[in-house]
Every structure is written in structure tokens, then in C-alpha cells.
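Visitor: Sharing protein_16.csv below, CSV, C-alpha atoms:
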```csv
chain,number,residue,atom,x,y,z
A,1,GLU,CA,42.3,-13.1,-18.0
A,2,LYS,CA,41.5,-16.4,-16.3
A,3,PRO,CA,38.9,-17.6,-18.9
A,4,SER,CA,41.4,-16.9,-21.8
A,5,ALA,CA,44.0,-19.0,-20.0
A,6,SER,CA,41.7,-21.9,-19.7
A,7,LYS,CA,40.8,-21.5,-23.4
A,8,LYS,CA,44.4,-21.7,-24.2
A,9,GLN,CA,44.8,-24.9,-22.2
A,10,LYS,CA,41.8,-26.4,-24.0
A,11,GLN,CA,43.3,-25.6,-27.4
A,12,GLN,CA,46.6,-27.2,-26.3
A,13,GLN,CA,44.8,-30.3,-25.1
A,14,ARG,CA,42.6,-30.8,-28.2
A,15,PRO,CA,45.1,-32.3,-30.6
A,16,ARG,CA,45.8,-35.1,-28.1
A,17,LYS,CA,42.2,-36.4,-28.5
A,18,GLU,CA,42.5,-36.8,-32.2
A,19,ARG,CA,43.7,-40.2,-33.4
A,20,PRO,CA,44.7,-40.0,-37.0
A,21,GLN,CA,44.4,-43.7,-37.6
A,22,GLN,CA,40.8,-43.6,-36.5
A,23,GLN,CA,39.8,-40.6,-38.5
A,24,ASN,CA,41.4,-41.7,-41.8
A,25,PHE,CA,40.4,-45.4,-41.9
A,26,THR,CA,38.7,-46.2,-45.2
A,27,HIS,CA,37.7,-49.5,-46.8
A,28,PRO,CA,35.5,-50.4,-49.7
A,29,LEU,CA,33.2,-52.4,-47.3
A,30,LEU,CA,33.0,-49.7,-44.7
A,31,ALA,CA,29.3,-48.6,-44.4
A,32,ALA,CA,29.6,-46.4,-41.4
A,33,SER,CA,31.8,-45.3,-38.5
A,34,LEU,CA,29.8,-44.6,-35.3
A,35,LYS,CA,31.6,-42.0,-33.2
A,36,SER,CA,30.2,-40.6,-30.1
A,37,HIS,CA,32.0,-42.4,-27.3
A,38,SER,CA,34.9,-40.6,-25.7
A,39,GLY,CA,36.4,-43.9,-24.3
A,40,SER,CA,37.2,-47.4,-25.6
A,41,VAL,CA,34.1,-49.4,-26.7
A,42,SER,CA,34.1,-52.8,-25.1
A,43,CYS,CA,30.8,-54.5,-26.1
A,44,LEU,CA,28.1,-54.4,-28.7
A,45,ASP,CA,24.6,-55.9,-28.8
A,46,PHE,CA,21.7,-55.7,-31.3
A,47,SER,CA,18.1,-55.6,-30.1
A,48,SER,CA,16.0,-58.6,-31.2
A,49,ASN,CA,13.6,-56.3,-33.1
A,50,GLY,CA,16.6,-55.2,-35.2
A,51,LYS,CA,16.1,-51.5,-34.5
A,52,TYR,CA,18.9,-50.7,-32.1
A,53,LEU,CA,22.6,-51.3,-31.5
A,54,ALA,CA,23.8,-50.9,-27.9
A,55,SER,CA,27.5,-50.1,-27.1
A,56,SER,CA,29.2,-49.8,-23.8
A,57,ALA,CA,32.5,-48.0,-23.2
A,58,ASP,CA,34.8,-46.8,-20.4
A,59,ASP,CA,33.5,-43.3,-20.7
A,60,ARG,CA,30.7,-44.1,-18.2
A,61,THR,CA,28.0,-44.3,-20.9
A,62,VAL,CA,26.0,-46.8,-22.9
A,63,ARG,CA,24.9,-45.6,-26.3
A,64,ILE,CA,21.8,-46.8,-28.2
A,65,TRP,CA,22.2,-46.3,-32.0
A,66,SER,CA,19.4,-46.6,-34.6
A,67,THR,CA,20.3,-49.2,-37.2
A,68,LYS,CA,18.2,-47.5,-39.9
A,69,ASP,CA,20.7,-44.5,-39.7
A,70,PHE,CA,23.7,-46.7,-40.5
A,71,LEU,CA,23.9,-45.5,-44.2
A,72,ASP,CA,23.1,-41.9,-43.4
A,73,ARG,CA,25.7,-39.2,-42.9
A,74,GLU,CA,24.6,-38.4,-39.4
A,75,HIS,CA,24.4,-41.2,-36.8
A,76,ARG,CA,22.2,-40.2,-33.9
A,77,CYS,CA,22.4,-42.0,-30.6
A,78,LEU,CA,20.8,-42.0,-27.2
A,79,ARG,CA,23.0,-41.8,-24.1
A,80,ALA,CA,22.5,-43.7,-20.9
A,81,ASN,CA,24.8,-42.6,-18.1
A,82,VAL,CA,26.3,-45.2,-15.8
A,83,GLU,CA,26.5,-43.4,-12.5
A,84,LEU,CA,29.9,-43.6,-10.6
A,85,ASP,CA,31.0,-46.6,-12.7
A,86,HIS,CA,31.3,-47.8,-16.3
A,87,ALA,CA,29.8,-50.8,-18.1
A,88,THR,CA,32.1,-53.4,-19.6
A,89,LEU,CA,29.3,-55.5,-21.1
A,90,VAL,CA,25.8,-54.7,-22.4
A,91,SER,CA,22.9,-57.0,-23.4
A,92,PHE,CA,19.3,-56.1,-24.6
A,93,SER,CA,16.2,-57.6,-23.1
A,94,PRO,CA,14.0,-59.7,-25.5
A,95,ASP,CA,11.4,-56.9,-25.7
A,96,SER,CA,14.1,-54.3,-26.7
A,97,ARG,CA,12.8,-52.0,-23.9
A,98,ALA,CA,15.5,-52.6,-21.4
A,99,PHE,CA,19.2,-53.7,-21.2
A,100,ILE,CA,21.5,-55.1,-18.6
A,101,THR,CA,25.1,-54.0,-18.0
A,102,TRP,CA,28.1,-55.4,-16.1
A,103,LEU,CA,29.7,-52.8,-13.9
A,104,ALA,CA,33.5,-52.6,-14.0
A,105,ASN,CA,33.9,-51.4,-10.4
A,106,GLY,CA,30.7,-52.7,-8.8
A,107,GLU,CA,31.3,-56.1,-10.3
A,108,THR,CA,27.6,-56.8,-10.7
A,109,ILE,CA,24.6,-56.4,-13.0
A,110,ARG,CA,22.7,-53.2,-13.3
A,111,VAL,CA,19.4,-53.1,-15.2
A,112,PHE,CA,18.3,-50.1,-17.3
A,113,LYS,CA,14.8,-49.5,-18.6
A,114,MET,CA,14.1,-47.5,-21.7
A,115,THR,CA,10.9,-45.4,-21.5
A,116,LYS,CA,9.3,-43.5,-24.4
A,117,LYS,CA,7.9,-40.2,-23.3
A,118,ASP,CA,4.8,-38.5,-24.9
A,119,ASP,CA,7.0,-36.2,-27.0
A,120,GLY,CA,8.7,-39.3,-28.6
A,121,SER,CA,12.0,-38.9,-26.7
A,122,VAL,CA,13.5,-41.8,-24.7
A,123,SER,CA,14.6,-41.7,-21.1
A,124,PHE,CA,16.7,-44.3,-19.2
A,125,SER,CA,16.3,-45.3,-15.6
A,126,ALA,CA,18.5,-47.7,-13.6
A,127,ALA,CA,16.7,-50.2,-11.4
A,128,PRO,CA,16.8,-49.1,-7.7
A,129,GLU,CA,19.1,-52.0,-6.8
A,130,ASP,CA,22.0,-53.8,-8.5
A,131,PHE,CA,22.3,-57.6,-8.5
A,132,PRO,CA,24.3,-59.0,-5.5
A,133,GLN,CA,28.0,-59.7,-6.1
A,134,ARG,CA,28.5,-63.4,-6.7
A,135,HIS,CA,31.5,-63.9,-9.0
A,136,LYS,CA,35.1,-64.3,-7.7
A,137,ALA,CA,36.8,-63.7,-11.0
A,138,ALA,CA,36.5,-61.2,-13.9
A,139,VAL,CA,33.2,-61.5,-15.8
A,140,ILE,CA,33.7,-62.2,-19.5
A,141,ASN,CA,30.1,-62.2,-20.8
A,142,ILE,CA,26.4,-61.6,-19.8
A,143,GLY,CA,23.1,-62.2,-21.6
A,144,ILE,CA,19.3,-62.4,-21.2
A,145,ALA,CA,17.5,-65.4,-22.7
A,146,GLU,CA,15.2,-64.6,-25.6
A,147,THR,CA,12.4,-66.4,-23.6
A,148,GLY,CA,12.9,-63.8,-20.8
A,149,LYS,CA,13.2,-66.5,-18.3
A,150,PHE,CA,16.8,-66.1,-17.1
A,151,ILE,CA,20.0,-64.1,-17.2
A,152,MET,CA,23.5,-65.6,-17.6
A,153,THR,CA,26.8,-64.3,-16.3
A,154,ALA,CA,30.1,-66.1,-17.0
A,155,SER,CA,33.5,-65.4,-15.4
A,156,SER,CA,37.1,-66.2,-16.4
A,157,ASP,CA,37.5,-69.0,-13.9
A,158,THR,CA,35.1,-71.9,-14.6
A,159,THR,CA,31.9,-70.4,-13.3
A,160,ILE,CA,28.6,-69.7,-15.1
A,161,LEU,CA,25.7,-68.3,-13.0
A,162,ILE,CA,22.0,-68.6,-14.1
A,163,TRP,CA,19.9,-65.8,-12.5
A,164,ASP,CA,16.2,-65.0,-12.5
A,165,LEU,CA,15.3,-61.5,-13.6
A,166,LYS,CA,15.1,-60.2,-10.1
A,167,GLY,CA,18.7,-61.0,-9.2
A,168,GLU,CA,18.3,-64.4,-7.5
A,169,VAL,CA,20.8,-67.1,-8.5
A,170,LEU,CA,18.9,-70.2,-9.8
A,171,ALA,CA,22.0,-72.4,-10.6
A,172,SER,CA,25.8,-72.4,-10.8
A,173,ILE,CA,27.6,-74.3,-13.5
A,174,ASN,CA,31.2,-75.4,-13.2
A,175,THR,CA,32.5,-75.7,-16.8
A,176,ASN,CA,35.6,-77.8,-15.8
A,177,GLN,CA,37.5,-76.1,-18.6
A,178,MET,CA,40.3,-74.8,-16.4
A,179,THR,CA,39.4,-71.3,-17.6
A,180,ASN,CA,36.5,-69.8,-19.5
A,181,SER,CA,37.4,-67.8,-22.6
A,182,TYR,CA,33.8,-67.2,-23.8
A,183,ALA,CA,30.3,-68.2,-22.9
A,184,THR,CA,26.9,-67.2,-24.2
A,185,ILE,CA,23.1,-68.0,-24.4
A,186,SER,CA,21.8,-69.5,-27.6
A,187,PRO,CA,19.4,-67.2,-29.6
A,188,CYS,CA,16.5,-69.7,-28.9
A,189,GLY,CA,17.0,-69.1,-25.2
A,190,ARG,CA,17.3,-72.9,-24.3
A,191,PHE,CA,21.0,-73.3,-24.1
A,192,VAL,CA,24.1,-71.9,-22.4
A,193,ALA,CA,27.5,-72.8,-23.8
A,194,SER,CA,31.1,-72.2,-22.9
A,195,CYS,CA,34.6,-72.7,-24.2
A,196,GLY,CA,38.0,-72.3,-22.6
A,197,PHE,CA,41.4,-74.0,-22.2
A,198,THR,CA,40.1,-77.4,-23.3
A,199,PRO,CA,39.6,-78.2,-27.1
A,200,ASP,CA,35.8,-78.5,-26.9
A,201,VAL,CA,32.7,-76.4,-26.5
A,202,LYS,CA,30.2,-77.5,-23.8
A,203,VAL,CA,26.5,-76.9,-24.1
A,204,TRP,CA,23.9,-77.1,-21.4
A,205,GLU,CA,20.1,-76.8,-21.5
A,206,VAL,CA,18.4,-74.6,-18.9
A,207,CYS,CA,15.1,-76.4,-18.2
A,208,PHE,CA,11.9,-74.8,-16.9
A,209,GLY,CA,8.6,-76.5,-16.0
A,210,LYS,CA,5.3,-75.9,-17.8
A,211,GLY,CA,4.3,-73.3,-15.3
A,212,GLY,CA,7.6,-71.4,-16.1
A,213,ASP,CA,9.3,-72.3,-12.9
A,214,PHE,CA,13.0,-73.2,-13.0
A,215,LYS,CA,13.8,-76.9,-12.9
A,216,GLU,CA,17.5,-77.7,-13.6
A,217,VAL,CA,20.5,-77.2,-15.8
A,218,VAL,CA,21.4,-80.4,-17.8
A,219,ARG,CA,24.4,-81.2,-20.1
A,220,ALA,CA,23.1,-81.2,-23.7
A,221,PHE,CA,26.0,-81.9,-26.0
A,222,ASP,CA,29.7,-81.1,-26.7
A,223,LEU,CA,31.4,-79.9,-29.9
A,224,LYS,CA,34.5,-82.1,-30.1
A,225,GLY,CA,37.1,-82.0,-32.9
A,226,HIS,CA,39.6,-79.2,-32.3
A,227,SER,CA,43.1,-80.2,-31.2
A,228,ALA,CA,43.7,-77.1,-29.0
A,229,GLY,CA,41.8,-74.7,-26.8
A,230,VAL,CA,38.7,-73.0,-28.3
A,231,CYS,CA,39.0,-69.2,-28.3
A,232,SER,CA,35.4,-68.3,-29.2
A,233,PHE,CA,32.2,-69.6,-30.8
A,234,ALA,CA,28.8,-68.4,-32.0
A,235,PHE,CA,25.3,-69.6,-32.9
A,236,SER,CA,23.2,-68.9,-36.0
A,237,ASN,CA,19.9,-67.1,-35.4
A,238,ASP,CA,17.8,-70.3,-35.3
A,239,SER,CA,20.5,-72.0,-33.0
A,240,ARG,CA,20.7,-74.9,-35.5
A,241,ARG,CA,24.3,-74.0,-36.5
A,242,MET,CA,27.4,-73.1,-34.5
A,243,VAL,CA,30.9,-72.0,-35.4
A,244,THR,CA,34.0,-72.4,-33.4
A,245,VAL,CA,37.6,-71.0,-33.7
A,246,SER,CA,40.5,-72.6,-32.0
A,247,LYS,CA,44.2,-72.1,-31.2
A,248,ASP,CA,44.8,-75.0,-33.6
A,249,GLY,CA,44.5,-72.5,-36.5
A,250,THR,CA,41.1,-73.7,-37.7
A,251,TRP,CA,37.4,-72.7,-37.6
A,252,LYS,CA,34.6,-75.2,-37.8
A,253,LEU,CA,30.9,-75.1,-38.7
A,254,TRP,CA,28.6,-77.5,-36.9
A,255,ASP,CA,25.0,-78.8,-37.4
A,256,THR,CA,23.6,-78.6,-33.8
A,257,ASP,CA,20.0,-79.4,-34.8
A,258,VAL,CA,20.2,-82.8,-33.1
A,259,GLU,CA,18.2,-84.9,-30.7
A,260,TYR,CA,20.7,-84.9,-28.0
A,261,ARG,CA,18.3,-86.6,-25.6
A,262,LYS,CA,18.7,-89.6,-27.9
A,263,GLN,CA,22.5,-89.4,-27.7
A,264,GLN,CA,22.7,-87.8,-31.2
A,265,ASP,CA,25.9,-85.8,-31.6
A,266,PRO,CA,26.4,-82.6,-33.6
A,267,TYR,CA,27.7,-83.0,-37.1
A,268,LEU,CA,30.8,-81.3,-38.3
A,269,LEU,CA,29.9,-79.6,-41.7
A,270,ARG,CA,33.1,-77.6,-42.5
A,271,THR,CA,36.6,-76.9,-41.4
A,272,GLY,CA,38.5,-73.9,-42.6
A,273,ARG,CA,42.0,-72.6,-41.9
A,274,CYS,CA,42.6,-69.2,-40.3
A,275,GLU,CA,45.2,-67.0,-38.5
A,276,VAL,CA,44.7,-67.2,-34.7
A,277,SER,CA,46.3,-64.9,-32.2
A,278,GLU,CA,44.8,-63.7,-28.9
A,279,PRO,CA,42.4,-62.1,-28.5
A,280,CYS,CA,40.3,-64.0,-31.2
A,281,ARG,CA,36.6,-63.6,-31.7
A,282,ILE,CA,34.2,-65.3,-34.1
A,283,ALA,CA,30.7,-64.3,-35.2
A,284,LEU,CA,28.2,-66.2,-37.4
A,285,SER,CA,25.7,-64.5,-39.7
A,286,PRO,CA,22.1,-65.1,-38.8
A,287,ASP,CA,21.7,-67.4,-41.8
A,288,ALA,CA,25.0,-69.2,-41.0
A,289,ARG,CA,26.4,-68.4,-44.5
A,290,VAL,CA,29.3,-66.3,-43.3
A,291,ALA,CA,31.8,-66.5,-40.4
A,292,ALA,CA,33.6,-63.4,-39.3
A,293,ILE,CA,36.8,-63.8,-37.4
A,294,ALA,CA,38.6,-61.0,-35.5
A,295,ASN,CA,42.2,-61.8,-34.9
A,296,GLY,CA,43.9,-59.1,-32.9
A,297,GLY,CA,43.1,-56.0,-34.9
A,298,GLU,CA,42.4,-57.8,-38.2
A,299,LEU,CA,38.9,-58.9,-39.4
A,300,ALA,CA,38.3,-61.7,-42.0
A,301,LEU,CA,35.1,-62.9,-43.5
A,302,TYR,CA,34.8,-66.6,-44.6
A,303,SER,CA,32.2,-68.4,-46.7
A,304,THR,CA,30.9,-71.3,-44.6
A,305,GLY,CA,29.8,-73.0,-47.9
A,306,SER,CA,33.3,-73.1,-49.4
A,307,GLY,CA,35.5,-72.5,-46.3
A,308,GLU,CA,37.3,-69.8,-48.3
A,309,ARG,CA,38.3,-66.4,-47.0
A,310,GLU,CA,36.4,-63.8,-49.1
A,311,GLU,CA,37.2,-60.5,-47.4
A,312,GLU,CA,40.0,-59.1,-45.2
A,313,ILE,CA,40.0,-55.9,-43.3
A,314,VAL,CA,43.2,-54.6,-41.7
A,315,GLY,CA,43.6,-51.6,-39.3
A,316,ALA,CA,39.9,-50.9,-38.7
A,317,HIS,CA,40.7,-50.1,-35.1
A,318,ALA,CA,43.7,-48.6,-33.2
A,319,GLY,CA,43.7,-51.6,-30.9
A,320,ASP,CA,42.6,-55.3,-30.8
A,321,ILE,CA,38.9,-55.9,-31.8
A,322,ALA,CA,37.0,-56.2,-28.5
A,323,ASP,CA,33.6,-57.3,-29.9
A,324,LEU,CA,32.1,-58.5,-33.2
A,325,ARG,CA,28.4,-58.9,-34.3
A,326,PHE,CA,26.2,-59.4,-37.3
A,327,ASP,CA,23.0,-57.4,-37.4
A,328,ILE,CA,19.9,-59.5,-37.3
A,329,ASN,CA,19.3,-59.2,-41.1
A,330,GLY,CA,22.9,-60.3,-41.9
A,331,ARG,CA,23.5,-57.1,-44.0
A,332,TYR,CA,26.3,-55.8,-41.8
A,333,VAL,CA,29.1,-57.0,-39.5
A,334,VAL,CA,30.0,-54.5,-36.8
A,335,SER,CA,33.2,-54.3,-34.7
A,336,CYS,CA,34.7,-52.2,-31.9
A,337,GLY,CA,38.2,-51.9,-30.6
A,338,ASP,CA,38.8,-48.2,-29.8
A,339,ARG,CA,36.4,-45.2,-29.6
A,340,ALA,CA,34.8,-45.9,-33.0
A,341,ILE,CA,32.4,-48.6,-34.0
A,342,ARG,CA,32.9,-49.8,-37.6
A,343,VAL,CA,29.9,-51.1,-39.7
A,344,PHE,CA,30.9,-53.2,-42.7
A,345,HIS,CA,28.8,-54.5,-45.6
A,346,ASN,CA,28.5,-58.3,-45.4
A,347,THR,CA,29.3,-58.8,-49.1
A,348,PRO,CA,30.1,-62.6,-48.7
A,349,GLY,CA,26.5,-62.9,-47.4
A,350,TYR,CA,25.0,-61.3,-50.5
A,351,ARG,CA,27.2,-63.6,-52.8
A,352,ALA,CA,26.2,-66.7,-50.8
A,353,ALA,CA,22.5,-65.8,-51.0
A,354,ILE,CA,22.8,-65.2,-54.8
A,355,ARG,CA,24.5,-68.7,-55.3
A,356,ASP,CA,21.9,-70.4,-53.2
A,357,MET,CA,19.0,-68.7,-55.1
A,358,GLN,CA,20.6,-69.5,-58.5
A,359,ALA,CA,20.7,-73.2,-57.5
A,360,MET,CA,17.0,-73.0,-56.4
A,361,LEU,CA,16.2,-71.3,-59.7
A,362,GLN,CA,17.5,-74.3,-61.7
A,363,LYS,CA,15.3,-76.7,-59.8
A,364,ALA,CA,12.2,-74.4,-59.8
A,365,THR,CA,9.3,-75.7,-61.9
A,366,ASN,CA,6.7,-73.1,-60.9
A,367,GLU,CA,6.8,-69.9,-63.0
A,368,ALA,CA,5.7,-67.7,-60.0
A,369,THR,CA,8.6,-69.2,-57.9
A,370,ARG,CA,11.0,-68.6,-60.8
A,371,GLN,CA,10.0,-64.9,-61.1
A,372,ARG,CA,10.2,-64.4,-57.4
A,373,LEU,CA,13.7,-65.9,-57.3
A,374,LEU,CA,14.8,-63.8,-60.3
A,375,GLN,CA,13.7,-60.7,-58.5
A,376,GLN,CA,15.4,-61.7,-55.3
A,377,ILE,CA,18.7,-62.5,-57.2
A,378,GLN,CA,18.4,-59.1,-59.0
A,379,ASP,CA,17.9,-57.3,-55.6
A,380,ALA,CA,20.8,-59.0,-54.0
A,381,GLN,CA,23.1,-58.4,-57.0
A,382,SER,CA,22.2,-54.7,-57.1
A,383,ALA,CA,22.9,-54.4,-53.3
A,384,LEU,CA,26.3,-56.1,-54.0
A,385,ASP,CA,27.0,-53.8,-57.0
A,386,THR,CA,26.3,-50.7,-54.9
A,387,VAL,CA,29.1,-51.7,-52.5
A,388,CYS,CA,31.6,-53.3,-54.9
A,389,GLY,CA,30.7,-51.8,-58.2
A,390,PRO,CA,29.2,-53.9,-61.1
A,391,LYS,CA,31.0,-56.9,-62.4
A,392,GLU,CA,32.9,-56.3,-65.6
```
Can you dump the structure from the file as C-alpha cells?
Guide:
Amino acid sequence: EKPSASKKQKQQQRPRKERPQQQNFTHPLLAASLKSHSGSVSCLDFSSNGKYLASSADDRTVRIWSTKDFLDREHRCLRANVELDHATLVSFSPDSRAFITWLANGETIRVFKMTKKDDGSVSFSAAPEDFPQRHKAAVINIGIAETGKFIMTASSDTTILIWDLKGEVLASINTNQMTNSYATISPCGRFVASCGFTPDVKVWEVCFGKGGDFKEVVRAFDLKGHSAGVCSFAFSNDSRRMVTVSKDGTWKLWDTDVEYRKQQDPYLLRTGRCEVSEPCRIALSPDARVAAIANGGELALYSTGSGEREEEIVGAHAGDIADLRFDINGRYVVSCGDRAIRVFHNTPGYRAAIRDMQAMLQKATNEATRQRLLQQIQDAQSALDTVCGPKE
């Protein structure tokens, strides 16, 4: 009798797990919904080889998804268990063979290695020791430099720590921004930047000697121009562009490809208006053509060329959007905010690429260049038509 009683209990419990607003969400731009987590997903990170997406959740797992499966019906993922804790943040190593996590209860970094077995399967192993506890406030972001030289952790007070890969603190930065709302490492691995209560973004260079030994952290440049606190910012893939979003109701695109050692300041390229309510996140496509802004539970995609909002996605998640990323090819923008991860087509990116190539086509004098551009325009247009339907 006992087994049947427990079966009855299970049947009674099942309906509670289903959230209708998650299951029924549809949108013309929705490419995929990745569903394997049984808890809320808090953080996303793409590997630099473009093959994987990592997600952390409060179900004590980190999942590794294959990006080539995004358009398939089935989305396979690998599961790494976080023993006796859960990861709030996750970040891939530059070689895409390891990732670091921030532990919610342990309040420290744990490193996981991914090992391919002879049969082609992947196993995960946690490093024997976690990093020492050094932060006094909640940690809001972590990262590993693409150069592989350092790890960054940033907390909600004004502290950013620079670590070596073995868990030794190399430097501590006081951002002097009253509070930190976001901080990250630039994709080139040279810079660390932060924003907070003040209306600017501060950028530092983490300097190493020719032998690879750590030297110092020096202030590089600031992004100044907002009239209220900056909620979030992001870099383009080549670190030559940045976007910021502020409580003043604007987002800004900046040219940061400057010789700051010669006191050259970043250039403001574009200001756009947007809705801003906490929590607010911004992401920049790798080619800097599109800015994605998550505002509470809503997602909007803006053209950085015109400053106009091109797409709006409402109700993608049951809660506020916790993280927002473009894949490394700029084809998708990915968000999380409940148990599901949503993958959307980056249609403004295709449109911007077509506009840029049409402008190049008019200037092209070489026939081979013209043919190549025509083919690329046709490919981008057919990708766009697949998502949106052909133009009438």
C-alpha cells in the first residue's frame, strides 16, 4: 500500500511544478527555450570558441548547452553538480575546457574542469580547494580574462578583487562609486570596468610585465555623460565599443578605441532613450550594431546606428530578467529569469548588416567584391526572411 500512497502524493505535487506562463510563451523571434533546470537560472556565459552556453541555477547544477542545437527540437545539455551549495555566477575559461563559479553559501570561487573521455562523453571535476573568502559584501559578477592571466570578482560594496588562477589576490580596487551595480572584464582581457551609484563608468587596465608577472592596476579612462547612476554596461567583442544604460532613461554608445595614455577620452557616438526600472541590464552584440536592454521582465533591441528601438519582447520570463547575452556570432540574444533560458533571433543585427553591406556595395569598384557582397546580402536577407517572413 505504501508505494501507491507515495505515487498519489507525487501526482498531487506535479501540477505545482508547471508554470503556465513559461510553457505557453511564444514570440516570432523565439528560436529556442532551453529547459532542464529545476530552479531559477541566475547567470549565463558563452564559451569563447562559440560552442557552449553555461548556465547556473539554484538547483545546485551548472548546465552546459551545445549552441549548435539551438534550432533543433531537442536541446541536450551536460550537468555539473555543485556539491552542498549552488552557483549564482558562472564564467568560462578562455580555452573553453573549464569554468569558474561563485558559490552562494561558500561565498567563494570554485573551479570546475571539463574532461573529454575516450568514449566522447564529458566529465566535470571540481578543483580540490575553493578560493579563500575575501569579500565582505554580496558578489555581483566574476570573470576570467581572455589572456588567462587573472580572475576578477566584484561585490556590491565598492570592491573589485584581481586574483591569479591559483586563488592568490593580486590587487584590490576601490571603485569609490558608493555601491557597485555591475563590473566585468573586457573581452580583450586588458581592462576591468565598473559602474554604480555615480553617473560614470570607471575603467582600469590590469598590467603585466613581459614575463607574464603581474605589475599593477592603473586607471585607464572614464565614460562620463549620464546624469544619474549607471545600471549596467557592456563591451563589443573587440573592446573598441561600449554601451551604458542609466537611471536617467538613456543608453549611450561609446568609441573606446582611444590612446588613453595620451589623455585621449572616449567619444560618445549615440544616445538613445529607453525605459529604465531596476533591475536593468544591457548587452552589446559582438559587432556593436545592436544593444539589448532588459528592463525588469521586458527585453528591447535597439539599433546602435539609428538609436531606434527595433524589437520588443514582453513576458519572456515569469520574473525579472537576471542575465542577458549575445552569442559570439551575434545571431542570437539569450536571456534568463526563471527556470527557462530563452534564445531569440537577433533580427536587428541582420538588418544592420544588410544596410552596411548595401552601402559598401554602392562604393565597390571591384567585380569580385561586388559579387561577394551581393551573396552576403542575399544570405543575410534569407536568414531574416526565415524568421520574419519575406517582405511584401
Visitor: For Asn329 (chain A), which residue out of A:Ser155, A:Gln375, A:Ser285, A:Thr147 is the nearest one, using only C-alpha atoms?
Guide: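 Closest residue, counting only C-alpha atoms: A:Ser285.
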Visitor: With only C-alpha atoms as the counted atoms, please give the residues lying no more than 12 Å from Gly389 (chain A), apart from itself and same-chain residues fewer than 4 positions off, as a compact mmCIF listing (two decimals) with C-alpha atoms, in the frame of the given file.
Guide:
```
# COMPACT_ATOMS: atom_id res chain seq x y z
CA PRO A 28 35.50 -50.40 -49.70
CA LEU A 29 33.20 -52.40 -47.30
CA THR A 347 29.30 -58.80 -49.10
CA GLN A 381 23.10 -58.40 -57.00
CA SER A 382 22.20 -54.70 -57.10
CA ALA A 383 22.90 -54.40 -53.30
CA LEU A 384 26.30 -56.10 -54.00
CA ASP A 385 27.00 -53.80 -57.00
```
Visitor: Which is closest to Leu269 (chain A) among A:Arg63, A:Lys252, A:Arg281, A:Arg289, if we use all atoms listed in the file?
Guide: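 Residue with the minimum atom-to-atom distance to Leu269 (chain A): A:Lys252.
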Visitor: Taking 5 positions as the minimum chain separation for residues in the same chain, which residues sit within 12 Å of Ala292 (chain A) when counting only C-alpha atoms? Answer as number ranges by chain.
Guide: A: 232-234, 243-245, 251-252, 274, 280-286, 298-304, 307-313, 321, 323-326, 330, 332-335, 344-349
Visitor: With C-alpha atoms retained, could you export that selection as a tab-separated table (two decimals), keeping the file's coordinate frame?
Guide:
```
chain	number	residue	atom	x	y	z
A	232	SER	CA	35.40	-68.30	-29.20
A	233	PHE	CA	32.20	-69.60	-30.80
A	234	ALA	CA	28.80	-68.40	-32.00
A	243	VAL	CA	30.90	-72.00	-35.40
A	244	THR	CA	34.00	-72.40	-33.40
A	245	VAL	CA	37.60	-71.00	-33.70
A	251	TRP	CA	37.40	-72.70	-37.60
A	252	LYS	CA	34.60	-75.20	-37.80
A	274	CYS	CA	42.60	-69.20	-40.30
A	280	CYS	CA	40.30	-64.00	-31.20
A	281	ARG	CA	36.60	-63.60	-31.70
A	282	ILE	CA	34.20	-65.30	-34.10
A	283	ALA	CA	30.70	-64.30	-35.20
A	284	LEU	CA	28.20	-66.20	-37.40
A	285	SER	CA	25.70	-64.50	-39.70
A	286	PRO	CA	22.10	-65.10	-38.80
A	298	GLU	CA	42.40	-57.80	-38.20
A	299	LEU	CA	38.90	-58.90	-39.40
A	300	ALA	CA	38.30	-61.70	-42.00
A	301	LEU	CA	35.10	-62.90	-43.50
A	302	TYR	CA	34.80	-66.60	-44.60
A	303	SER	CA	32.20	-68.40	-46.70
A	304	THR	CA	30.90	-71.30	-44.60
A	307	GLY	CA	35.50	-72.50	-46.30
A	308	GLU	CA	37.30	-69.80	-48.30
A	309	ARG	CA	38.30	-66.40	-47.00
A	310	GLU	CA	36.40	-63.80	-49.10
A	311	GLU	CA	37.20	-60.50	-47.40
A	312	GLU	CA	40.00	-59.10	-45.20
A	313	ILE	CA	40.00	-55.90	-43.30
A	321	ILE	CA	38.90	-55.90	-31.80
A	323	ASP	CA	33.60	-57.30	-29.90
A	324	LEU	CA	32.10	-58.50	-33.20
A	325	ARG	CA	28.40	-58.90	-34.30
A	326	PHE	CA	26.20	-59.40	-37.30
A	330	GLY	CA	22.90	-60.30	-41.90
A	332	TYR	CA	26.30	-55.80	-41.80
A	333	VAL	CA	29.10	-57.00	-39.50
A	334	VAL	CA	30.00	-54.50	-36.80
A	335	SER	CA	33.20	-54.30	-34.70
A	344	PHE	CA	30.90	-53.20	-42.70
A	345	HIS	CA	28.80	-54.50	-45.60
A	346	ASN	CA	28.50	-58.30	-45.40
A	347	THR	CA	29.30	-58.80	-49.10
A	348	PRO	CA	30.10	-62.60	-48.70
A	349	GLY	CA	26.50	-62.90	-47.40
```
Visitor: With distances taken over all atoms listed in the file, which of A:Met360, A:Val192, A:Ala220, A:Leu268 is nearest to Leu253 (chain A)?
Guide: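 So, comparing all the options, the nearest one is A:Leu268.
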Visitor: In Å, how far is it from CA of Val343 (chain A) to CA of Cys388 (chain A)?
Guide: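 CA of Cys388 (chain A) lies 15.5 Å from CA of Val343 (chain A).
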Visitor: Record the distance separating CA of Lys210 (chain A) and CA of Met152 (chain A), expressed in Å with one decimal.
Guide: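 Here the two named atoms are 20.9 Å from each other.
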Visitor: List the spatial neighbours of Gly315 (chain A) as JSON, numbers by chain - criterion: any atom at most 12 Å away, only C-alpha atoms, same-chain residues fewer than 4 positions off excluded.
Guide: {"A": [20, 21, 22, 23, 24, 25, 26, 27, 294, 295, 296, 297, 298, 299, 300, 319, 320, 321, 335, 336, 337, 338, 342]}
Visitor: What is the CA of Ala32 (chain A)-CA of Gly120 (chain A) distance in Å, reported with one decimal?
Guide: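 Interatomic distance here is 25.5 Å.
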